[in-house]
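Following: one structure in structure tokens, then a few remarks.
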Amino acid sequence: MLAYVIRRVFQSLIVLLVVGLVAFSMFTFVGDPIDNMLGQERTDADIARLRAQLGLDQPFPVQYLRFLENAIQGNFGVSYRQGRPVAEIIAERAPATLELAFVSGLFAITFGIGLGVFTALRRNGWAANTIMTLSLVGVSLPTFLIGIVLIYIFSVELNWLPSFGRGEVVDLGWWTTGFLTASGLKALILPSITLGLYQMTLIMRLVRTEMLEVLRQDYIRFARARGLKDRAVHFRHALKNTLVPVITVTGLQLGSIIAFAIITETVFQWPGVGLLFINAIQFVDIPVMAAYLMLISVMFVMINLIVDLLYFAIDPRLRVDRTAAKG
Amino acid sequence: MTDPVLSVRNLTVEIPTRRGVLRPVDGVSYDIAAGEILGVVGESGAGKSMTGNAVIGLLDPPARITGGEIHLLGERIDQLKGEALRKIRGKKIGMIFQDPLTSLNPLLKVGEQLTETILAHLPVSQSDAEARALAALEEVGIPAATQRLNSYPHEFSGGMRQRVVIALALCAEPSLVIADEPTTALDVSVQAQIIALLKRLCRERGTAVMLVTHDMGVIAEAADRVAVMYAGRLAELAPVQQVVQAPQHPYTDGLMGSTPLASLGQKRLRQIPGSMPRLTALPDGCAFHPRCQRATDRCRSNPGPTLAACNGRAACWHPLTDEDRAAREATA
Ligand SMILES: Nc1ncnc2c1ncn2[C@@H]1O[C@H](COP(=O)(O)OP(=O)(O)OP(=O)(O)O)[C@@H](O)[C@H]1O
Ligand SMILES: [Mg+2]
């Protein structure tokens, strides 16, 4: 198992190196940072000085290594647009995105699993059928449209929930949270649903399919034949087995929640890193873009790693080291 | 004689399909007494599993019981539903399935699966249940049972897993055990052990057993009486000696003739020509007549033969006599 974990960590590092290369290449191939940093009135001397100062006169591999070295230390350079360290800007924006992603992930998992189990157990009931039909809509609607529809209904028509921003936040020094104020919590609802709806329907459909498959298995039949209560058969025996394959997909979906936050943050003007990235693109603020890419890939890779380790926790068949002698 | 543990009367199971209503079990009647092992044999698709599943109320929809009665210990059980049905499963009827590899939940320890079953049926504490679980594992001959309670199913070999399955089926001390091909998926070397174990446990406790199998060797070894099924109907029902040595139904005769059995001392294997008709295309009269050399016009017309309408033992208008069998031996 240890060997497996080491191998996985190694693979993750390679992925990160490649993403780092892509992020770094942007500096060289997408626009010219010098153009962006110096205004119209610039001299060749200014340009050369800035180039040397930024290390842009060095050969590509050297620049890449320097970039990696800095990135590992959390140093992504200085934003072209804001003139402040990128790390500082991102640290400021990260809590908004992470809280949003956390709540949507929670929403997607609880409702996804709950409704998935419900629709599997009540396979032919009208409620389950309605949910399944609606979920098709949920999967096929684009995120921004869902956001706009929700804003129209709950903000414009009903005036229950805010249509943009984080509401009041509490500054804990290293973290700003919307969890501690009523307006902060209210502001989380619509963006979280918008961001998590797709993942929720995906998880729900997957749980349903897997659960139906598991319910056909011999050990479920045997559990029934032993006179176990429906509750035990469904939740102790069936659900646990359902979750094994569901974990991977769910993990990946949580990763994409953070990635897709860009759209939701734009629709709701949510002051997170996604919105920061969109604004960075408009201004070709390469350091911010590169840092964002790196950050997202680190999250993806970490989530994947955790998902793999969760497998070991849930499925005893994978824990090779504790296999007893065959009897 | 005391009342039988299980009494099945005219049991009929139907499956509505687009091509009409199928009848995988058609008017089957039999009893099993306490401590008795009834072997059920027949070709694949004869309705053996359907009969067993109907008794324990585990028919997969759309299959359902449409006629007849099932009595367990004098109580009618074929109409039970929900909680009442759950209470007899495991408690009064234990079930053993064919494949021990897939019968156990891979994610739960063997001990957990045993205790949950015991707790579902007996009013005992958690620690009592664990003690009983341990005793159950020891009874089925699992070595180092204390440690094995904490093992997961994949840590056992196939034969050991089937022992665990038997322990699970018997842990609430049911009066009836339905074993649906309990050894088919096992190595030949462990099959006999499993059958011997099942036989010993049931004899000790006076449990009635319905033992479904393809293996005539298993029947000869374990069964007291044998029910032969063909196309959803009982072809013959008689004590094992009679069925094996002096079959009356031509199908039973063919079945015995096609089984390599040392104890039968037969010279050559015979084959039954043709195959069992599909449920969608059952012939009139006796379902076996297209394959039967003794068939007459009577066999081809309705109503077909039943045990009750014939001699009570073989559902055949022209059962084999001792002379018939002797004559065949002479020509073979
Ligand atoms: N859902 C269904 N639709 C149509 N026919 C079915 C359905 N389920 C079972 N059958 C039929 O019911 C008949 C009885 O099946 P059953 O499983 O009882 O046979 P069996 O005697 O146990 O055979 P085997 O030895 O292969 O286990 C078979 O002919 C099968 O094709
Ligand atoms: Mg069967």
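A note on labels: chains of the structure tokens are A, B, ... as shown, every chain counts residues from 1, and ligands are counted from 1 in their shown order.
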Expected answer as an MDAnalysis selection string: alpha helix (DSSP H) residues in region 131-287 of chain A: chainID A and resid 131:140 143:150 182:215 218:225 230:231 240:267 273:282 286:287
Cut-off 10 Å, only C-alpha atoms and all ligand atoms, neighbours of ligand 1 as a VMD selection string: chain B and resid 13 to 19 21 to 25 40 to 54 59 to 63 98 180 to 181 212 to 214 229 to 232 276 to 280
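Omitting region 66-74 of chain A and its sequence neighbours fewer than 4 positions away, and counting only C-alpha atoms, the residues within 9 Å are Leu17, Gly20, Leu21, Phe24, Pro61, Val62, Ala87, Ala291 and Met294 of chain A.
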The selected residues should be written to file as a short mmCIF file (atom, residue, chain, number, x, y, z; two decimals), in the first residue's frame (atoms: N, CA and C atoms).
```
data_model
loop_
_atom_site.label_atom_id
_atom_site.label_comp_id
_atom_site.auth_asym_id
_atom_site.auth_seq_id
_atom_site.Cartn_x
_atom_site.Cartn_y
_atom_site.Cartn_z
N LEU A 17 4.17 19.22 -12.71
CA LEU A 17 5.27 19.77 -13.51
C LEU A 17 4.78 20.17 -14.90
N GLY A 20 2.66 23.14 -14.68
CA GLY A 20 3.55 24.26 -14.44
C GLY A 20 4.18 24.75 -15.73
N LEU A 21 4.56 23.81 -16.57
CA LEU A 21 5.17 24.17 -17.85
C LEU A 21 4.19 24.96 -18.71
N PHE A 24 3.70 28.32 -17.25
CA PHE A 24 4.87 29.14 -17.46
C PHE A 24 4.99 29.61 -18.92
N PRO A 61 14.70 27.17 -20.24
CA PRO A 61 14.75 26.23 -19.12
C PRO A 61 15.13 26.89 -17.80
N VAL A 62 16.02 27.82 -17.86
CA VAL A 62 16.43 28.51 -16.63
C VAL A 62 15.25 29.27 -16.05
N ALA A 87 0.55 36.14 -4.87
CA ALA A 87 0.20 35.28 -3.73
C ALA A 87 -0.71 36.02 -2.76
N ALA A 291 -0.69 31.54 -11.81
CA ALA A 291 -0.86 31.11 -10.42
C ALA A 291 -2.19 30.39 -10.25
N MET A 294 -1.96 26.89 -11.66
CA MET A 294 -1.20 26.02 -10.76
C MET A 294 -2.04 25.62 -9.55
#
```
Proximal residues of chain A relative to chain B (only C-alpha atoms; 12 Å) as a count of residues only: 46
All residues 7 Å or closer to region 162-172 of chain A, only C-alpha atoms, same chain fewer than 5 positions away omitted, as a list in words: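 Surrounding residues, per the criterion: Ile151, Ser155, Thr177, Gly178, Leu180, Thr181, Ser183, Gly184, Ala187, Leu188, Phe268, Gln269, Trp270 and Pro271 of chain A.
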Could you dump the residues just selected with N, CA and C atoms as a CSV table (one decimal), in the first residue's frame?
```csv
chain,number,residue,atom,x,y,z
A,151,ILE,N,-31.5,33.9,-10.0
A,151,ILE,CA,-31.5,35.3,-9.6
A,151,ILE,C,-32.9,35.9,-9.9
A,155,SER,N,-34.3,36.6,-6.4
A,155,SER,CA,-33.8,37.9,-6.1
A,155,SER,C,-34.8,38.9,-6.7
A,177,THR,N,-14.7,35.1,6.4
A,177,THR,CA,-15.7,34.1,6.2
A,177,THR,C,-17.1,34.7,6.1
A,178,GLY,N,-18.0,34.1,5.3
A,178,GLY,CA,-19.4,34.5,5.2
A,178,GLY,C,-20.3,33.6,6.1
A,180,LEU,N,-20.4,33.4,9.3
A,180,LEU,CA,-20.8,33.9,10.6
A,180,LEU,C,-21.8,35.0,10.6
A,181,THR,N,-22.3,35.4,9.4
A,181,THR,CA,-23.3,36.4,9.4
A,181,THR,C,-24.5,35.9,8.6
A,183,SER,N,-26.4,37.6,6.5
A,183,SER,CA,-26.3,38.0,5.2
A,183,SER,C,-25.3,37.2,4.4
A,184,GLY,N,-24.2,36.8,5.0
A,184,GLY,CA,-23.2,36.0,4.4
A,184,GLY,C,-23.7,34.7,4.0
A,187,ALA,N,-26.2,34.9,1.2
A,187,ALA,CA,-25.5,35.2,-0.1
A,187,ALA,C,-24.9,33.9,-0.7
A,188,LEU,N,-24.7,32.9,0.2
A,188,LEU,CA,-24.1,31.7,-0.3
A,188,LEU,C,-25.1,30.8,-1.0
A,268,PHE,N,-22.6,35.8,-10.4
A,268,PHE,CA,-23.0,36.4,-9.1
A,268,PHE,C,-22.0,37.5,-8.6
A,269,GLN,N,-21.0,37.9,-9.4
A,269,GLN,CA,-20.0,38.8,-9.0
A,269,GLN,C,-19.4,38.4,-7.6
A,270,TRP,N,-19.1,37.2,-7.5
A,270,TRP,CA,-18.6,36.6,-6.3
A,270,TRP,C,-17.1,36.9,-6.2
A,271,PRO,N,-16.6,37.6,-5.2
A,271,PRO,CA,-15.2,38.1,-5.2
A,271,PRO,C,-14.2,37.0,-4.9
```
Selection: 10 Å around Leu145 (chain A), only C-alpha atoms, excl. self and same-chain fewer than 6 positions, as a ChimeraX atom specification: /A:151,194,264,267
Those residues you just picked out, can you put them in a file as a compact mmCIF listing (two decimals), in the first residue's frame with N, CA, C and O atoms?
```
# COMPACT_ATOMS: atom_id res chain seq x y z
N ILE A 151 -31.52 33.85 -9.98
CA ILE A 151 -31.51 35.27 -9.61
C ILE A 151 -32.87 35.89 -9.92
O ILE A 151 -33.46 36.61 -9.11
N THR A 194 -26.27 27.08 -7.80
CA THR A 194 -25.90 27.22 -9.21
C THR A 194 -24.65 26.40 -9.52
O THR A 194 -24.60 25.65 -10.49
N THR A 264 -19.83 30.74 -12.22
CA THR A 264 -20.75 31.16 -11.16
C THR A 264 -20.28 32.48 -10.53
O THR A 264 -21.09 33.37 -10.26
N VAL A 267 -21.28 35.27 -12.78
CA VAL A 267 -22.71 35.57 -12.76
C VAL A 267 -23.10 36.30 -11.48
O VAL A 267 -23.85 37.27 -11.50
```
Strand (DSSP E) positions in region 23-268 of chain A, given as JSON, numbers by chain: {"A": [170, 171, 176, 177]}
Let's have the selection written as a CSV table (one decimal), in the first residue's frame, with N, CA, C and O atoms.
```
chain,number,residue,atom,x,y,z
A,170,VAL,N,-16.9,38.3,8.0
A,170,VAL,CA,-16.1,38.5,9.2
A,170,VAL,C,-14.6,38.2,8.9
A,170,VAL,O,-14.3,37.2,8.3
A,171,ASP,N,-13.8,39.2,9.2
A,171,ASP,CA,-12.4,39.0,8.9
A,171,ASP,C,-11.7,38.4,10.1
A,171,ASP,O,-11.6,39.0,11.2
A,176,THR,N,-11.3,35.4,5.5
A,176,THR,CA,-12.6,36.1,5.7
A,176,THR,C,-13.7,35.2,5.4
A,176,THR,O,-13.7,34.4,4.5
A,177,THR,N,-14.7,35.1,6.4
A,177,THR,CA,-15.7,34.1,6.2
A,177,THR,C,-17.1,34.7,6.1
A,177,THR,O,-17.4,35.8,6.8
```
Contacts of Gly251 (chain A) at 7 Å (only C-alpha atoms; same-chain gap of 2+ positions) as a PyMOL selection string: chain A and resi 247-249+253-255+303-304+307
Writer output for current selection, all heavy atoms, as a PDB file, in the first residue's frame:
```
ATOM      1  N   ILE A 247     -17.240   7.216  -5.171  1.00  0.00           N
ATOM      2  CA  ILE A 247     -16.231   8.109  -4.592  1.00  0.00           C
ATOM      3  C   ILE A 247     -15.338   8.770  -5.643  1.00  0.00           C
ATOM      4  O   ILE A 247     -15.117   9.978  -5.604  1.00  0.00           O
ATOM      5  CB  ILE A 247     -15.375   7.340  -3.569  1.00  0.00           C
ATOM      6  CG1 ILE A 247     -16.165   7.184  -2.273  1.00  0.00           C
ATOM      7  CG2 ILE A 247     -14.081   8.075  -3.282  1.00  0.00           C
ATOM      8  CD1 ILE A 247     -15.404   6.427  -1.219  1.00  0.00           C
ATOM      9  N   THR A 248     -14.861   7.977  -6.592  1.00  0.00           N
ATOM     10  CA  THR A 248     -13.971   8.561  -7.603  1.00  0.00           C
ATOM     11  C   THR A 248     -14.624   9.711  -8.323  1.00  0.00           C
ATOM     12  O   THR A 248     -14.078  10.809  -8.408  1.00  0.00           O
ATOM     13  CB  THR A 248     -13.671   7.544  -8.730  1.00  0.00           C
ATOM     14  OG1 THR A 248     -13.927   6.268  -8.271  1.00  0.00           O
ATOM     15  CG2 THR A 248     -12.315   7.754  -9.292  1.00  0.00           C
ATOM     16  N   VAL A 249     -15.794   9.411  -8.873  1.00  0.00           N
ATOM     17  CA  VAL A 249     -16.468  10.423  -9.668  1.00  0.00           C
ATOM     18  C   VAL A 249     -16.776  11.644  -8.819  1.00  0.00           C
ATOM     19  O   VAL A 249     -16.545  12.786  -9.224  1.00  0.00           O
ATOM     20  CB  VAL A 249     -17.764   9.836 -10.267  1.00  0.00           C
ATOM     21  CG1 VAL A 249     -18.527  10.889 -11.024  1.00  0.00           C
ATOM     22  CG2 VAL A 249     -17.420   8.672 -11.169  1.00  0.00           C
ATOM     23  N   GLN A 253     -15.613  15.408  -9.363  1.00  0.00           N
ATOM     24  CA  GLN A 253     -16.608  16.472  -9.481  1.00  0.00           C
ATOM     25  C   GLN A 253     -16.305  17.621  -8.530  1.00  0.00           C
ATOM     26  O   GLN A 253     -16.491  18.777  -8.863  1.00  0.00           O
ATOM     27  CB  GLN A 253     -18.006  15.917  -9.193  1.00  0.00           C
ATOM     28  CG  GLN A 253     -18.541  15.012 -10.289  1.00  0.00           C
ATOM     29  CD  GLN A 253     -18.423  15.642 -11.643  1.00  0.00           C
ATOM     30  OE1 GLN A 253     -18.745  16.803 -11.828  1.00  0.00           O
ATOM     31  NE2 GLN A 253     -17.932  14.896 -12.619  1.00  0.00           N
ATOM     32  N   LEU A 254     -15.836  17.284  -7.331  1.00  0.00           N
ATOM     33  CA  LEU A 254     -15.515  18.343  -6.384  1.00  0.00           C
ATOM     34  C   LEU A 254     -14.383  19.197  -6.939  1.00  0.00           C
ATOM     35  O   LEU A 254     -14.370  20.419  -6.787  1.00  0.00           O
ATOM     36  CB  LEU A 254     -15.131  17.745  -5.034  1.00  0.00           C
ATOM     37  CG  LEU A 254     -16.290  17.058  -4.317  1.00  0.00           C
ATOM     38  CD1 LEU A 254     -15.890  16.680  -2.909  1.00  0.00           C
ATOM     39  CD2 LEU A 254     -17.515  17.952  -4.293  1.00  0.00           C
ATOM     40  N   GLY A 255     -13.437  18.531  -7.599  1.00  0.00           N
ATOM     41  CA  GLY A 255     -12.363  19.284  -8.231  1.00  0.00           C
ATOM     42  C   GLY A 255     -12.919  20.238  -9.270  1.00  0.00           C
ATOM     43  O   GLY A 255     -12.541  21.416  -9.331  1.00  0.00           O
ATOM     44  N   ILE A 303      -7.120  16.289  -4.503  1.00  0.00           N
ATOM     45  CA  ILE A 303      -8.411  15.621  -4.344  1.00  0.00           C
ATOM     46  C   ILE A 303      -8.329  14.190  -4.862  1.00  0.00           C
ATOM     47  O   ILE A 303      -8.796  13.250  -4.233  1.00  0.00           O
ATOM     48  CB  ILE A 303      -9.525  16.417  -5.063  1.00  0.00           C
ATOM     49  CG1 ILE A 303      -9.829  17.678  -4.268  1.00  0.00           C
ATOM     50  CG2 ILE A 303     -10.776  15.572  -5.223  1.00  0.00           C
ATOM     51  CD1 ILE A 303     -10.763  18.631  -4.947  1.00  0.00           C
ATOM     52  N   ASN A 304      -7.679  14.035  -6.013  1.00  0.00           N
ATOM     53  CA  ASN A 304      -7.506  12.695  -6.564  1.00  0.00           C
ATOM     54  C   ASN A 304      -6.780  11.773  -5.612  1.00  0.00           C
ATOM     55  O   ASN A 304      -7.136  10.610  -5.440  1.00  0.00           O
ATOM     56  CB  ASN A 304      -6.705  12.773  -7.869  1.00  0.00           C
ATOM     57  CG  ASN A 304      -7.620  12.746  -9.055  1.00  0.00           C
ATOM     58  OD1 ASN A 304      -8.536  11.939  -9.094  1.00  0.00           O
ATOM     59  ND2 ASN A 304      -7.391  13.623 -10.005  1.00  0.00           N
ATOM     60  N   VAL A 307      -9.013  10.831  -2.787  1.00  0.00           N
ATOM     61  CA  VAL A 307     -10.002   9.867  -3.239  1.00  0.00           C
ATOM     62  C   VAL A 307      -9.404   8.464  -3.264  1.00  0.00           C
ATOM     63  O   VAL A 307      -9.999   7.501  -2.781  1.00  0.00           O
ATOM     64  CB  VAL A 307     -10.510  10.258  -4.645  1.00  0.00           C
ATOM     65  CG1 VAL A 307     -11.237   9.097  -5.283  1.00  0.00           C
ATOM     66  CG2 VAL A 307     -11.413  11.465  -4.546  1.00  0.00           C
TER      67      VAL A 307
END
```
Residue neighbourhood Ser29 (chain B), 7 Å, only C-alpha atoms, exclusion window fewer than 2 positions, as a PyMOL selection string: chain B and resi 8-11+27
